[in-house]
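This report refers to the structure that appears directly beneath it.
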Amino acid sequence: MDARIIQLPKILDSRGNLSFVENLNQIPFAICRTYWLYDVPGGECRGGHAYRKNEEFVIALSGSFDVVLDDGRQKQTYSLNRSYYGLYIPAGVWREMENFSTNSLALEFGSVPFDELDYVRDYEEFVRLKSHGEI
Ligand code: TYD
């Protein structure tokens, strides 16, 4: 799986720290879209889908949560809990997000505009597409 944690620049300052992302520098794609998840009630899960084309970079700007990735062969769980690193998720990976802490804030960057047709929301279909190399 090409998914990986990417450390971000950290400008340490007694007035407060600063981190940033730039297209194609810290992350391997040009950012097309930004969205965020907030007010996630305790015990809720998000995700539960794969993207055909969309690549993503996810940061826990505040609080913590887990991202479970599944490439059709193996699952890996990444715990995000700092604002100075994030998780790069290539296209074609099934992902679930869980264990959101109170007041957590997930910032997500995507490589393509929102398009429902880019989603695979059925896990059996995901496995089938994966086994045929179609995603
Ligand atoms: P979804 O991607 O399924 O949420 P998550 O993976 O975080 O659980 O999106 C939930 C709803 O929001 C769905 O109806 C599509 C809509 N949506 C947009 O309209 N634009 C966007 O950029 C995103 C990410 C979702």
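To be explicit about the labels: the chains of the structure tokens are called A, B, and onward in the order shown, and within each one the residues are counted from 1, while ligands get numbers from 1 in the order they are shown.
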Worksheet item: Within 12 Å of Arg73 in chain A, counting only C-alpha atoms, which residues qualify if same-chain residues fewer than 5 places away don't, as a ChimeraX atom specification?
Response: /A:1,93-94,126-128,130-131
For the contact check between chain A and ligand 1, emit one row per residue of chain A within 9 Å, containing the shortest atom pair and the distance in Å rounded to one decimal, counting only C-alpha atoms and all ligand atoms, chain then rising number order, as a Markdown table.
| residue | atom | partner | partner_atom_place_in_ligand_line | distance |
| --- | --- | --- | --- | --- |
| A:Arg33 | CA | ligand 1 | 22 (O) | 6.8 |
| A:Thr34 | CA | ligand 1 | 22 (O) | 7.1 |
| A:Tyr35 | CA | ligand 1 | 22 (O) | 6.0 |
| A:Trp36 | CA | ligand 1 | 24 (C) | 8.1 |
| A:Leu37 | CA | ligand 1 | 7 (O) | 6.7 |
| A:Cys45 | CA | ligand 1 | 8 (O) | 7.3 |
| A:Arg46 | CA | ligand 1 | 8 (O) | 3.7 |
| A:Gly47 | CA | ligand 1 | 6 (O) | 3.3 |
| A:Gly48 | CA | ligand 1 | 6 (O) | 6.5 |
| A:His49 | CA | ligand 1 | 6 (O) | 6.8 |
| A:Ala50 | CA | ligand 1 | 6 (O) | 8.7 |
| A:Arg95 | CA | ligand 1 | 6 (O) | 8.1 |
| A:Glu96 | CA | ligand 1 | 6 (O) | 7.6 |
| A:Met97 | CA | ligand 1 | 8 (O) | 7.7 |
| A:Glu108 | CA | ligand 1 | 24 (C) | 8.3 |
| A:Gly110 | CA | ligand 1 | 22 (O) | 8.1 |
| A:Pro113 | CA | ligand 1 | 22 (O) | 7.1 |
| A:Phe114 | CA | ligand 1 | 22 (O) | 4.7 |
| A:Asp115 | CA | ligand 1 | 20 (N) | 7.7 |
| A:Glu116 | CA | ligand 1 | 15 (C) | 6.9 |
| A:Tyr119 | CA | ligand 1 | 2 (O) | 8.1 |
| A:Arg121 | CA | ligand 1 | 3 (O) | 8.3 |
Now that the selection is made, can you save its residues with C-alpha atoms as a PDB file, in the first residue's frame?
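Result saved to again_23.pdb:
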ATOM      1  CA  ARG A  33     -10.658  20.488  -2.721  1.00  0.00           C
ATOM      2  CA  THR A  34     -10.570  20.969   1.045  1.00  0.00           C
ATOM      3  CA  TYR A  35     -13.181  19.812   3.524  1.00  0.00           C
ATOM      4  CA  TRP A  36     -13.322  19.058   7.195  1.00  0.00           C
ATOM      5  CA  LEU A  37     -15.180  16.815   9.615  1.00  0.00           C
ATOM      6  CA  CYS A  45     -17.679   6.111  12.053  1.00  0.00           C
ATOM      7  CA  ARG A  46     -17.129   8.030   8.829  1.00  0.00           C
ATOM      8  CA  GLY A  47     -15.876   6.903   5.456  1.00  0.00           C
ATOM      9  CA  GLY A  48     -16.792   3.373   4.458  1.00  0.00           C
ATOM     10  CA  HIS A  49     -15.888   3.804   0.815  1.00  0.00           C
ATOM     11  CA  ALA A  50     -13.064   3.999  -1.714  1.00  0.00           C
ATOM     12  CA  ARG A  95     -11.128   3.629   4.197  1.00  0.00           C
ATOM     13  CA  GLU A  96     -12.996   3.981   7.433  1.00  0.00           C
ATOM     14  CA  MET A  97     -12.527   6.639  10.113  1.00  0.00           C
ATOM     15  CA  GLU A 108      -8.951  16.586   4.345  1.00  0.00           C
ATOM     16  CA  GLY A 110      -8.556  15.962  -2.190  1.00  0.00           C
ATOM     17  CA  PRO A 113     -13.558  17.896  -7.402  1.00  0.00           C
ATOM     18  CA  PHE A 114     -16.364  16.201  -5.493  1.00  0.00           C
ATOM     19  CA  ASP A 115     -18.053  13.602  -7.701  1.00  0.00           C
ATOM     20  CA  GLU A 116     -20.349  10.916  -6.319  1.00  0.00           C
ATOM     21  CA  TYR A 119     -17.054   6.725  -4.951  1.00  0.00           C
ATOM     22  CA  ARG A 121     -19.545   2.589  -1.509  1.00  0.00           C
TER      23      ARG A 121
END
Per residue of range 61-132 of chain A within 7 Å of range 5-21 of chain A, note the shortest atom pair and the distance in Å to one decimal, counting only C-alpha atoms, and order the rows by chain and increasing residue number, as JSON lines.
{"residue": "A:Tyr84", "atom": "CA", "partner": "A:Leu8", "partner_atom": "CA", "distance": 5.2}
{"residue": "A:Tyr85", "atom": "CA", "partner": "A:Gln7", "partner_atom": "CA", "distance": 4.3}
{"residue": "A:Gly86", "atom": "CA", "partner": "A:Ile6", "partner_atom": "CA", "distance": 5.4}
{"residue": "A:Leu87", "atom": "CA", "partner": "A:Ile5", "partner_atom": "CA", "distance": 4.5}
{"residue": "A:Tyr88", "atom": "CA", "partner": "A:Ile5", "partner_atom": "CA", "distance": 6.2}
Worksheet item: Of the candidates A:Glu56, A:Val67, A:Gly72, A:Cys32, which one gets nearest to His132 in chain A if we count only C-alpha atoms?
Response: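 Among the listed residues, the smallest separation from His132 in chain A belongs to A:Gly72.
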Worksheet item: Using the chain letters and numbers from this document, which residues of range 1-113 of chain A does DSSP assign to strand (DSSP E or B), as a PyMOL selection string?
Response: chain A and resi 4-7+11+18+33-37+46-51+56-62+65-70+75-80+85-89+94-98+105-110
How would the residues just picked look written out with C-alpha atoms as a tab-separated table (two decimals), in the first residue's frame?
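Final output, saved to result_6.tsv:
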chain	number	residue	atom	x	y	z
A	4	ARG	CA	1.91	6.78	4.30
A	5	ILE	CA	2.27	9.24	7.13
A	6	ILE	CA	3.87	12.46	5.92
A	7	GLN	CA	5.56	14.75	8.41
A	11	ILE	CA	7.88	26.31	12.60
A	18	LEU	CA	2.90	26.76	12.58
A	33	ARG	CA	-10.66	20.49	-2.72
A	34	THR	CA	-10.57	20.97	1.05
A	35	TYR	CA	-13.18	19.81	3.52
A	36	TRP	CA	-13.32	19.06	7.20
A	37	LEU	CA	-15.18	16.81	9.61
A	46	ARG	CA	-17.13	8.03	8.83
A	47	GLY	CA	-15.88	6.90	5.46
A	48	GLY	CA	-16.79	3.37	4.46
A	49	HIS	CA	-15.89	3.80	0.81
A	50	ALA	CA	-13.06	4.00	-1.71
A	51	TYR	CA	-12.39	6.56	-4.42
A	56	GLU	CA	-6.38	12.44	-0.16
A	57	PHE	CA	-4.29	13.85	2.61
A	58	VAL	CA	-5.85	13.84	6.09
A	59	ILE	CA	-4.68	15.79	9.15
A	60	ALA	CA	-6.03	15.68	12.70
A	61	LEU	CA	-5.99	19.44	13.20
A	62	SER	CA	-7.43	18.92	16.65
A	65	PHE	CA	-9.13	9.63	15.32
A	66	ASP	CA	-8.11	6.42	13.56
A	67	VAL	CA	-8.11	5.81	9.81
A	68	VAL	CA	-8.40	2.15	8.81
A	69	LEU	CA	-7.16	1.49	5.27
A	70	ASP	CA	-7.84	-1.67	3.30
A	75	LYS	CA	-5.85	-3.62	6.58
A	76	GLN	CA	-3.76	-1.05	8.36
A	77	THR	CA	-4.80	1.39	11.06
A	78	TYR	CA	-3.24	4.83	11.35
A	79	SER	CA	-3.83	6.92	14.47
A	80	LEU	CA	-3.80	10.62	13.78
A	85	TYR	CA	1.68	15.23	10.21
A	86	GLY	CA	-0.98	13.66	8.05
A	87	LEU	CA	-1.93	10.51	6.20
A	88	TYR	CA	-1.62	10.28	2.43
A	89	ILE	CA	-4.29	7.95	0.99
A	94	TRP	CA	-11.13	1.38	1.15
A	95	ARG	CA	-11.13	3.63	4.20
A	96	GLU	CA	-13.00	3.98	7.43
A	97	MET	CA	-12.53	6.64	10.11
A	98	GLU	CA	-13.34	5.85	13.73
A	105	LEU	CA	-11.30	18.19	13.68
A	106	ALA	CA	-10.26	16.24	10.56
A	107	LEU	CA	-8.96	18.36	7.70
A	108	GLU	CA	-8.95	16.59	4.34
A	109	PHE	CA	-7.42	17.62	1.03
A	110	GLY	CA	-8.56	15.96	-2.19
Item to complete: Rank A:Ile135, A:Gln26, A:Glu44, A:Ser104 by their smallest atom-to-atom distance to Val120 in chain A, using only C-alpha atoms, and report the top residue only.
Response: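 Closest to Val120 in chain A, using only C-alpha atoms: A:Ile135.
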Among chain A, which ones does DSSP place in helix (DSSP H, G or I), written as a PDB file with N, CA, C and O atoms, in the first residue's frame?
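The new file selection-v6.pdb reads:
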ATOM      1  N   GLU A 116     -19.818  12.154  -6.914  1.00  0.00           N
ATOM      2  CA  GLU A 116     -20.349  10.916  -6.319  1.00  0.00           C
ATOM      3  C   GLU A 116     -19.964   9.692  -7.150  1.00  0.00           C
ATOM      4  O   GLU A 116     -19.790   8.595  -6.619  1.00  0.00           O
ATOM      5  N   LEU A 117     -19.795   9.882  -8.468  1.00  0.00           N
ATOM      6  CA  LEU A 117     -19.442   8.749  -9.334  1.00  0.00           C
ATOM      7  C   LEU A 117     -18.021   8.248  -9.080  1.00  0.00           C
ATOM      8  O   LEU A 117     -17.649   7.162  -9.538  1.00  0.00           O
ATOM      9  N   ASP A 118     -17.232   9.047  -8.367  1.00  0.00           N
ATOM     10  CA  ASP A 118     -15.863   8.622  -8.043  1.00  0.00           C
ATOM     11  C   ASP A 118     -15.839   7.663  -6.846  1.00  0.00           C
ATOM     12  O   ASP A 118     -14.828   7.042  -6.567  1.00  0.00           O
ATOM     13  N   TYR A 123     -18.665  -2.565  -0.354  1.00  0.00           N
ATOM     14  CA  TYR A 123     -17.383  -3.237  -0.112  1.00  0.00           C
ATOM     15  C   TYR A 123     -17.172  -4.433  -1.036  1.00  0.00           C
ATOM     16  O   TYR A 123     -16.063  -4.653  -1.531  1.00  0.00           O
ATOM     17  N   GLU A 124     -18.262  -5.188  -1.303  1.00  0.00           N
ATOM     18  CA  GLU A 124     -18.120  -6.347  -2.197  1.00  0.00           C
ATOM     19  C   GLU A 124     -17.702  -5.890  -3.590  1.00  0.00           C
ATOM     20  O   GLU A 124     -16.885  -6.528  -4.255  1.00  0.00           O
ATOM     21  N   GLU A 125     -18.283  -4.780  -4.029  1.00  0.00           N
ATOM     22  CA  GLU A 125     -17.918  -4.257  -5.349  1.00  0.00           C
ATOM     23  C   GLU A 125     -16.459  -3.798  -5.345  1.00  0.00           C
ATOM     24  O   GLU A 125     -15.717  -4.026  -6.306  1.00  0.00           O
ATOM     25  N   PHE A 126     -16.049  -3.188  -4.227  1.00  0.00           N
ATOM     26  CA  PHE A 126     -14.647  -2.756  -4.101  1.00  0.00           C
ATOM     27  C   PHE A 126     -13.707  -3.951  -4.266  1.00  0.00           C
ATOM     28  O   PHE A 126     -12.742  -3.899  -5.031  1.00  0.00           O
ATOM     29  N   VAL A 127     -14.000  -5.034  -3.554  1.00  0.00           N
ATOM     30  CA  VAL A 127     -13.140  -6.217  -3.616  1.00  0.00           C
ATOM     31  C   VAL A 127     -13.116  -6.772  -5.042  1.00  0.00           C
ATOM     32  O   VAL A 127     -12.061  -7.151  -5.564  1.00  0.00           O
ATOM     33  N   ARG A 128     -14.287  -6.779  -5.687  1.00  0.00           N
ATOM     34  CA  ARG A 128     -14.357  -7.292  -7.068  1.00  0.00           C
ATOM     35  C   ARG A 128     -13.534  -6.403  -8.009  1.00  0.00           C
ATOM     36  O   ARG A 128     -12.737  -6.889  -8.814  1.00  0.00           O
ATOM     37  N   LEU A 129     -13.711  -5.081  -7.895  1.00  0.00           N
ATOM     38  CA  LEU A 129     -12.964  -4.151  -8.756  1.00  0.00           C
ATOM     39  C   LEU A 129     -11.460  -4.314  -8.520  1.00  0.00           C
ATOM     40  O   LEU A 129     -10.662  -4.299  -9.460  1.00  0.00           O
ATOM     41  N   LYS A 130     -11.088  -4.463  -7.260  1.00  0.00           N
ATOM     42  CA  LYS A 130      -9.678  -4.617  -6.888  1.00  0.00           C
ATOM     43  C   LYS A 130      -9.102  -5.882  -7.516  1.00  0.00           C
ATOM     44  O   LYS A 130      -8.008  -5.876  -8.078  1.00  0.00           O
ATOM     45  N   SER A 131      -9.865  -6.974  -7.419  1.00  0.00           N
ATOM     46  CA  SER A 131      -9.337  -8.258  -7.909  1.00  0.00           C
ATOM     47  C   SER A 131      -9.221  -8.266  -9.427  1.00  0.00           C
ATOM     48  O   SER A 131      -8.458  -9.051  -9.986  1.00  0.00           O
TER      49      SER A 131
END
Worksheet item: Distance CA of Lys53 in chain A-CA of Pro28 in chain A, one decimal place?
Response: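 Between these atoms lies a distance of 13.9 Å.
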Item to complete: Rounded to one decimal place, report the CA of Asn99 in chain A-CA of Gly63 in chain A distance in Å.
Response: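 Interatomic distance here is 10.4 Å.
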Discussion item. To one decimal place in Å, what is the distance between CA of Ala30 in chain A and CA of Gly92 in chain A?
Written reply: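 Straight-line distance from CA of Ala30 in chain A to CA of Gly92 in chain A works out to 17.7 Å.
Between Ser101 in chain A and the candidates A:Glu134, A:Ala3, A:Glu55, A:Asp39, the tightest atom-to-atom separation, counting only C-alpha atoms, involves A:Asp39.
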